[in-house]
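Engineer: What follows is my_file_18.pdb, made up of PDB, C-alpha atoms:
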ATOM      1  CA  MET E 293      -4.725  -8.930   9.031
ATOM      2  CA  GLU E 294      -2.027  -7.231  11.089
ATOM      3  CA  ALA E 295      -3.309  -4.293  13.152
ATOM      4  CA  ILE E 296      -1.764  -0.921  12.452
ATOM      5  CA  LYS E 297      -2.256   2.159  14.623
ATOM      6  CA  GLU E 298       0.853   4.062  13.732
ATOM      7  CA  HIS E 299       3.716   3.581  11.389
ATOM      8  CA  LYS E 300       7.098   5.221  10.946
ATOM      9  CA  GLY E 301       9.074   4.344   7.879
ATOM     10  CA  TYR E 302      11.383   5.400   5.091
ATOM     11  CA  VAL E 303       9.795   6.895   2.001
ATOM     12  CA  TYR E 304      10.176   5.701  -1.570
ATOM     13  CA  PRO E 305       9.295   8.415  -4.122
ATOM     14  CA  LEU E 306       7.778   6.974  -7.298
ATOM     15  CA  ASN E 307       7.193  10.154  -9.261
ATOM     16  CA  ARG E 308       4.797   8.763 -11.864
ATOM     17  CA  THR E 309       1.086   9.109 -12.500
ATOM     18  CA  ASN E 310      -1.472   6.516 -13.632
ATOM     19  CA  ILE E 311       0.452   3.553 -12.227
ATOM     20  CA  ASP E 312      -1.822   0.670 -13.134
ATOM     21  CA  THR E 313      -2.106  -2.718 -11.480
ATOM     22  CA  ASP E 314      -0.289  -4.436 -14.365
ATOM     23  CA  GLN E 315       2.726  -2.217 -13.665
ATOM     24  CA  ILE E 316       2.440  -2.991  -9.943
ATOM     25  CA  ILE E 317       2.268  -6.766 -10.524
ATOM     26  CA  PRO E 318       2.372  -8.025 -14.149
ATOM     27  CA  LYS E 319      -0.235 -10.593 -15.201
ATOM     28  CA  GLN E 320       2.242 -13.462 -15.717
ATOM     29  CA  PHE E 321       2.883 -13.584 -11.950
ATOM     30  CA  LEU E 322      -0.722 -14.084 -10.882
ATOM     31  CA  LYS E 323      -0.606 -17.881 -10.775
ATOM     32  CA  ARG E 324       0.017 -18.203  -7.044
ATOM     33  CA  ILE E 325      -3.009 -18.971  -4.887
ATOM     34  CA  GLU E 326      -1.485 -17.636  -1.662
ATOM     35  CA  ARG E 327      -1.382 -13.965  -0.779
ATOM     36  CA  THR E 328       2.362 -14.116  -0.185
ATOM     37  CA  GLY E 329       5.318 -14.314  -2.514
ATOM     38  CA  PHE E 330       4.287 -11.489  -4.827
ATOM     39  CA  GLY E 331       6.734  -8.894  -3.484
ATOM     40  CA  GLN E 332       9.587 -10.246  -5.578
ATOM     41  CA  PHE E 333       7.587  -9.372  -8.703
ATOM     42  CA  LEU E 334       6.535  -5.869  -7.615
ATOM     43  CA  PHE E 335       7.068  -3.334 -10.461
ATOM     44  CA  TYR E 336       8.785  -6.195 -12.271
ATOM     45  CA  HIS E 337       9.221  -4.593 -15.697
ATOM     46  CA  TRP E 338      10.630  -1.433 -14.130
ATOM     47  CA  ARG E 339      12.919  -3.279 -11.702
ATOM     48  CA  PHE E 340      14.242  -5.978 -14.045
ATOM     49  CA  ASP E 341      15.320  -6.265 -17.679
ATOM     50  CA  ASP E 342      14.214  -9.019 -20.086
ATOM     51  CA  LYS E 343      16.873 -11.367 -18.686
ATOM     52  CA  GLY E 344      15.785 -10.811 -15.068
ATOM     53  CA  ASN E 345      18.721  -8.560 -14.168
ATOM     54  CA  LYS E 346      18.075  -5.569 -11.909
ATOM     55  CA  ARG E 347      17.842  -2.254 -13.703
ATOM     56  CA  GLN E 348      20.313   0.047 -11.954
ATOM     57  CA  ASN E 349      18.455   3.160 -13.083
ATOM     58  CA  PHE E 350      15.267   2.210 -11.217
ATOM     59  CA  ALA E 351      15.457   3.834  -7.801
ATOM     60  CA  LEU E 352      13.820   0.999  -5.867
ATOM     61  CA  ASN E 353      16.828  -1.163  -6.779
ATOM     62  CA  LYS E 354      19.220   1.297  -5.146
ATOM     63  CA  GLU E 355      20.641   0.689  -1.679
ATOM     64  CA  ALA E 356      19.316   4.065  -0.491
ATOM     65  CA  TYR E 357      15.747   2.769  -0.743
ATOM     66  CA  LYS E 358      16.281  -0.617   0.862
ATOM     67  CA  GLY E 359      13.732  -1.172   3.628
ATOM     68  CA  VAL E 360      11.278   1.502   2.496
ATOM     69  CA  THR E 361       7.722   1.060   3.771
ATOM     70  CA  ILE E 362       5.969   4.223   2.609
ATOM     71  CA  LEU E 363       5.321   4.816  -1.091
ATOM     72  CA  LEU E 364       4.746   8.289  -2.538
ATOM     73  CA  ALA E 365       3.186   8.310  -5.994
ATOM     74  CA  GLY E 366       1.393  10.513  -8.493
ATOM     75  CA  GLU E 367      -2.314  10.702  -9.158
ATOM     76  CA  ASN E 368      -4.560   7.779 -10.110
ATOM     77  CA  PHE E 369      -2.447   5.131  -8.367
ATOM     78  CA  GLY E 370      -3.743   1.573  -8.831
ATOM     79  CA  CYS E 371      -5.805   2.164 -11.964
ATOM     80  CA  GLY E 372      -6.387  -0.637 -14.468
ATOM     81  CA  SER E 373      -7.687  -4.082 -13.671
ATOM     82  CA  SER E 374      -9.162  -4.900 -10.281
ATOM     83  CA  ARG E 375      -6.560  -7.491  -9.313
ATOM     84  CA  GLU E 376      -6.168  -7.851  -5.563
ATOM     85  CA  HIS E 377      -2.665  -9.114  -6.210
ATOM     86  CA  ALA E 378      -1.507  -5.484  -6.473
ATOM     87  CA  PRO E 379      -1.906  -4.681  -2.764
ATOM     88  CA  TRP E 380      -0.665  -8.196  -1.939
ATOM     89  CA  ALA E 381       2.565  -7.462  -3.867
ATOM     90  CA  LEU E 382       3.014  -4.063  -2.224
ATOM     91  CA  LEU E 383       2.400  -5.499   1.250
ATOM     92  CA  ASP E 384       4.637  -8.503   0.621
ATOM     93  CA  TYR E 385       7.432  -6.173  -0.492
ATOM     94  CA  GLY E 386       7.035  -4.252   2.763
ATOM     95  CA  PHE E 387       4.906  -1.214   1.958
ATOM     96  CA  ARG E 388       2.354  -0.384   4.688
ATOM     97  CA  VAL E 389       1.383   3.128   3.546
ATOM     98  CA  ILE E 390       0.790   4.601   0.090
ATOM     99  CA  ILE E 391       0.348   8.342  -0.309
ATOM    100  CA  ALA E 392      -0.988   9.726  -3.589
ATOM    101  CA  PRO E 393      -3.223  12.577  -4.798
ATOM    102  CA  SER E 394      -5.807  10.031  -5.965
ATOM    103  CA  PHE E 395      -6.395   6.292  -6.187
ATOM    104  CA  ALA E 396      -8.478   4.033  -8.387
ATOM    105  CA  ASP E 397     -11.539   3.092  -6.306
ATOM    106  CA  ILE E 398     -11.065  -0.677  -6.473
ATOM    107  CA  PHE E 399      -7.386  -0.474  -5.620
ATOM    108  CA  TYR E 400      -8.133   1.877  -2.705
ATOM    109  CA  ASN E 401     -10.627  -0.580  -1.203
ATOM    110  CA  ASN E 402      -8.414  -3.597  -1.878
ATOM    111  CA  ALA E 403      -5.533  -1.855  -0.097
ATOM    112  CA  LEU E 404      -7.693  -1.167   2.959
ATOM    113  CA  LYS E 405      -8.932  -4.763   3.045
ATOM    114  CA  ASN E 406      -5.361  -6.031   3.060
ATOM    115  CA  GLY E 407      -3.844  -3.822   5.750
ATOM    116  CA  ILE E 408      -2.308  -1.030   3.682
ATOM    117  CA  ILE E 409      -3.169   2.568   4.554
ATOM    118  CA  PRO E 410      -3.888   4.501   1.336
ATOM    119  CA  ILE E 411      -3.688   8.222   2.086
ATOM    120  CA  GLN E 412      -4.943  10.825  -0.319
ATOM    121  CA  LEU E 413      -3.222  14.226  -0.062
ATOM    122  CA  ASP E 414      -2.946  17.230  -2.337
ATOM    123  CA  GLU E 415      -0.328  17.236  -5.079
ATOM    124  CA  GLU E 416       1.513  20.210  -3.626
ATOM    125  CA  GLN E 417       2.309  18.463  -0.324
ATOM    126  CA  ILE E 418       3.235  15.247  -2.087
ATOM    127  CA  GLY E 419       5.478  17.229  -4.447
ATOM    128  CA  VAL E 420       7.396  18.702  -1.493
ATOM    129  CA  TRP E 421       7.967  15.274   0.060
ATOM    130  CA  MET E 422       8.699  13.711  -3.347
ATOM    131  CA  LYS E 423      11.549  16.161  -3.917
ATOM    132  CA  GLN E 424      12.930  15.652  -0.386
ATOM    133  CA  ALA E 425      12.820  11.866  -0.708
ATOM    134  CA  GLU E 426      14.526  11.987  -4.128
ATOM    135  CA  GLU E 427      17.384  14.075  -2.693
ATOM    136  CA  ALA E 428      17.970  12.176   0.565
ATOM    137  CA  SER E 429      16.400   9.450   2.650
ATOM    138  CA  MET E 430      13.482  10.682   4.693
ATOM    139  CA  THR E 431      10.956   9.250   7.084
ATOM    140  CA  LEU E 432       7.322   9.966   7.796
ATOM    141  CA  GLU E 433       5.319   9.062  10.895
ATOM    142  CA  ILE E 434       1.744   8.037  10.296
ATOM    143  CA  ASP E 435      -0.642   8.280  13.253
ATOM    144  CA  LEU E 436      -3.769   6.489  12.059
ATOM    145  CA  VAL E 437      -5.668   6.987  15.320
ATOM    146  CA  ASN E 438      -5.394  10.786  15.114
ATOM    147  CA  GLN E 439      -5.147  10.834  11.301
ATOM    148  CA  ARG E 440      -1.917  12.826  11.247
ATOM    149  CA  ILE E 441       1.351  12.578   9.349
ATOM    150  CA  THR E 442       4.506  14.073  10.829
ATOM    151  CA  ASP E 443       7.465  14.670   8.537
ATOM    152  CA  SER E 444      11.120  14.888   9.532
ATOM    153  CA  ALA E 445      10.861  18.684   9.863
ATOM    154  CA  GLY E 446       8.084  18.295  12.441
ATOM    155  CA  ASN E 447       5.282  19.456  10.145
ATOM    156  CA  ASN E 448       1.915  17.851  10.864
ATOM    157  CA  ILE E 449      -0.493  17.126   8.036
ATOM    158  CA  SER E 450      -3.969  15.714   8.630
ATOM    159  CA  PHE E 451      -5.614  13.163   6.363
ATOM    160  CA  GLU E 452      -9.040  11.613   5.924
ATOM    161  CA  ILE E 453      -9.926   7.946   6.006
ATOM    162  CA  PRO E 454     -13.375   6.335   6.211
ATOM    163  CA  ALA E 455     -14.198   5.558   9.879
ATOM    164  CA  TYR E 456     -15.251   1.979   9.067
ATOM    165  CA  HIS E 457     -11.912   1.172   7.430
ATOM    166  CA  LYS E 458      -9.951   3.026  10.100
ATOM    167  CA  GLU E 459     -11.489   0.835  12.808
ATOM    168  CA  LYS E 460     -10.714  -2.312  10.796
ATOM    169  CA  LEU E 461      -7.074  -1.303  10.304
ATOM    170  CA  ILE E 462      -6.553  -0.320  13.950
ATOM    171  CA  ASN E 463      -8.009  -3.615  15.165
ATOM    172  CA  GLY E 464      -6.551  -5.808  12.416
ATOM    173  CA  TRP E 465      -9.979  -6.991  11.315
ATOM    174  CA  ASP E 466     -10.436  -8.388   7.832
ATOM    175  CA  GLU E 467     -13.807  -9.515   6.429
ATOM    176  CA  ILE E 468     -13.498 -12.952   8.048
ATOM    177  CA  ALA E 469     -12.661 -11.472  11.461
ATOM    178  CA  LEU E 470     -15.694  -9.189  11.208
ATOM    179  CA  THR E 471     -17.913 -12.158  10.373
ATOM    180  CA  LEU E 472     -16.512 -14.162  13.290
ATOM    181  CA  LYS E 473     -17.462 -11.348  15.658
ATOM    182  CA  HIS E 474     -21.018 -12.617  15.111
ATOM    183  CA  GLU E 475     -20.147 -16.276  15.588
ATOM    184  CA  ASP E 476     -22.657 -16.775  18.420
ATOM    185  CA  LYS E 477     -25.475 -15.424  16.249
ATOM    186  CA  ILE E 478     -24.385 -17.598  13.335
ATOM    187  CA  ARG E 479     -24.397 -20.714  15.556
ATOM    188  CA  ALA E 480     -27.783 -19.810  17.010
ATOM    189  CA  TYR E 481     -29.171 -19.460  13.488
ATOM    190  CA  GLU E 482     -27.690 -22.808  12.423
ATOM    191  CA  VAL E 483     -29.315 -24.569  15.414
ATOM    192  CA  ARG E 484     -32.793 -23.458  14.335
TER     193      ARG E 484
END
As structure tokens, how would this structure be written, given the file I've shared?
Structural biologist:
Amino acid sequence: MEAIKEHKGYVYPLNRTNIDTDQIIPKQFLKRIERTGFGQFLFYHWRFDDKGNKRQNFALNKEAYKGVTILLAGENFGCGSSREHAPWALLDYGFRVIIAPSFADIFYNNALKNGIIPIQLDEEQIGVWMKQAEEASMTLEIDLVNQRITDSAGNNISFEIPAYHKEKLINGWDEIALTLKHEDKIRAYEVR
């Protein structure tokens, strides 16, 4: 997993609530066994019509949002089935940070395990940024070490993240990397 201590990126405002994992990555695209290649199918039914043509009325298809890496969304982001493909698709598309008033528990943990920072903030703050990002391109700076977000106006907002997951993200440790930190103990056990 790629380490992340801070991140500055353009914001994509997805002003919807209850975005479930089937909307993030539809079930028909879950046949791949690798973690990569899912980004092209992200929000597929919103981004493309039945013939596979881009929907011009979906903001993520617009040039103004090309290269976005921070997603703003409404409450209960990532609800639905527990598919890990959802954070894989978001990460593969380029999103490193998702900010929402609330997340489904399984999605929240899957995001953390895959190198995405899910940040929970109050609806009022998200509403302010949502409106700004819908009107013009905007950036946010995420400082994971100090748990601060700085917006383009210089406002600083603090956020919470579990210390265990924060350490994993900062060091780029996934579950395998954590296990390998105890490799000498594992070998010693196997020798017995």
Engineer: Can you list, as a PyMOL selection string, every protein, DNA or RNA residue that comes within 10 Å of Glu467 (chain E) when you count all atoms listed in the file, leaving out same-chain residues fewer than 6 positions away?
Structural biologist: chain E and resi 293+405-406+460
Engineer: From the list E:Trp421, E:Lys473, E:Asp435, E:Ala480, which residue is nearest Ile296 (chain E) when using only C-alpha atoms?
Structural biologist: E:Asp435
Engineer: Could you tell me how far CA of Val389 (chain E) sits from CA of Ile362 (chain E), in Å to one decimal place?
Structural biologist: 4.8 Å
Engineer: Restricting the calculation to all atoms listed in the file: of E:Glu427, E:Asp314, E:Asp342, E:Glu433, which residue gets closest to His299 (chain E)?
Structural biologist: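 Closest to His299 (chain E) of all the choices is E:Glu433.
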Engineer: Using only C-alpha atoms, which residue out of E:Lys297, E:Lys319, E:Arg440, E:Arg347 lies closest to Asn463 (chain E)?
Structural biologist: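 The closest residue to Asn463 (chain E) is E:Lys297.
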Engineer: Given the choices E:Glu294, E:Glu416, E:Glu482, E:Asp341, which gets closest to Glu367 (chain E) if the distance is worked out from all atoms listed in the file?
Structural biologist: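 Residue with the minimum atom-to-atom distance to Glu367 (chain E): E:Glu416.
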Engineer: Excluding Ala365 (chain E) and residues on its chain fewer than 6 positions from it, collect all residues at most 7 Å away from it, counting only C-alpha atoms, and give them as a ChimeraX atom specification.
Structural biologist: /E:305-309,391-392
Engineer: Take the PyMOL selection byres ((chain E and resi 448) around 12), apply it to the structure above, and return the hits as number ranges by chain.
Structural biologist: E: 417, 432-435, 438-447, 449-451
Engineer: At what distance in Å, to one decimal, does CA of Asn368 (chain E) lie from CA of Pro410 (chain E)?
Structural biologist: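 Atom-to-atom, CA of Pro410 (chain E) and CA of Asn368 (chain E) are spaced 11.9 Å apart.
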Engineer: For the structure shown, which residues end up in the PyMOL selection byres ((chain E and resi 373) around 8)? Put them as a list in words, please?
Structural biologist: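 Checked against the file, the PyMOL selection byres ((chain E and resi 373) around 8) matches Asp312, Thr313, Asp314, Cys371, Gly372, Ser374 and Arg375 of chain E.
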Engineer: Please report the interatomic distance between CA of Lys477 (chain E) and CA of Ala295 (chain E) in Å with one decimal.
Structural biologist: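 Going from CA of Lys477 (chain E) over to CA of Ala295 (chain E), I get 25.0 Å.
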Engineer: Could you check which of E:Ile317, E:Leu383, E:Leu404, E:Ile418 is closest to Tyr456 (chain E), using all atoms listed in the file?
Structural biologist: E:Leu404
Engineer: Let me know the residues the PyMOL selection byres ((chain E and resi 379) around 8) catches in the file above, as a ChimeraX atom specification.
Structural biologist: /E:376-378,380-383,399,402-403,406,408
Engineer: Considering only C-alpha atoms, state which residue in the set E:Glu298, E:Asn401, E:Asp466, E:Arg388 is at the smallest distance from Pro454 (chain E).
Structural biologist: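 Selected residue with least distance to Pro454 (chain E): E:Asn401.
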Engineer: Just give me the residues with any atom within 12 Å of (17.2, 0.9, -0.3), file coordinates, counting all atoms listed in the file, written as a ChimeraX atom specification.
Structural biologist: /E:302-305,350-361,386,425,428-430
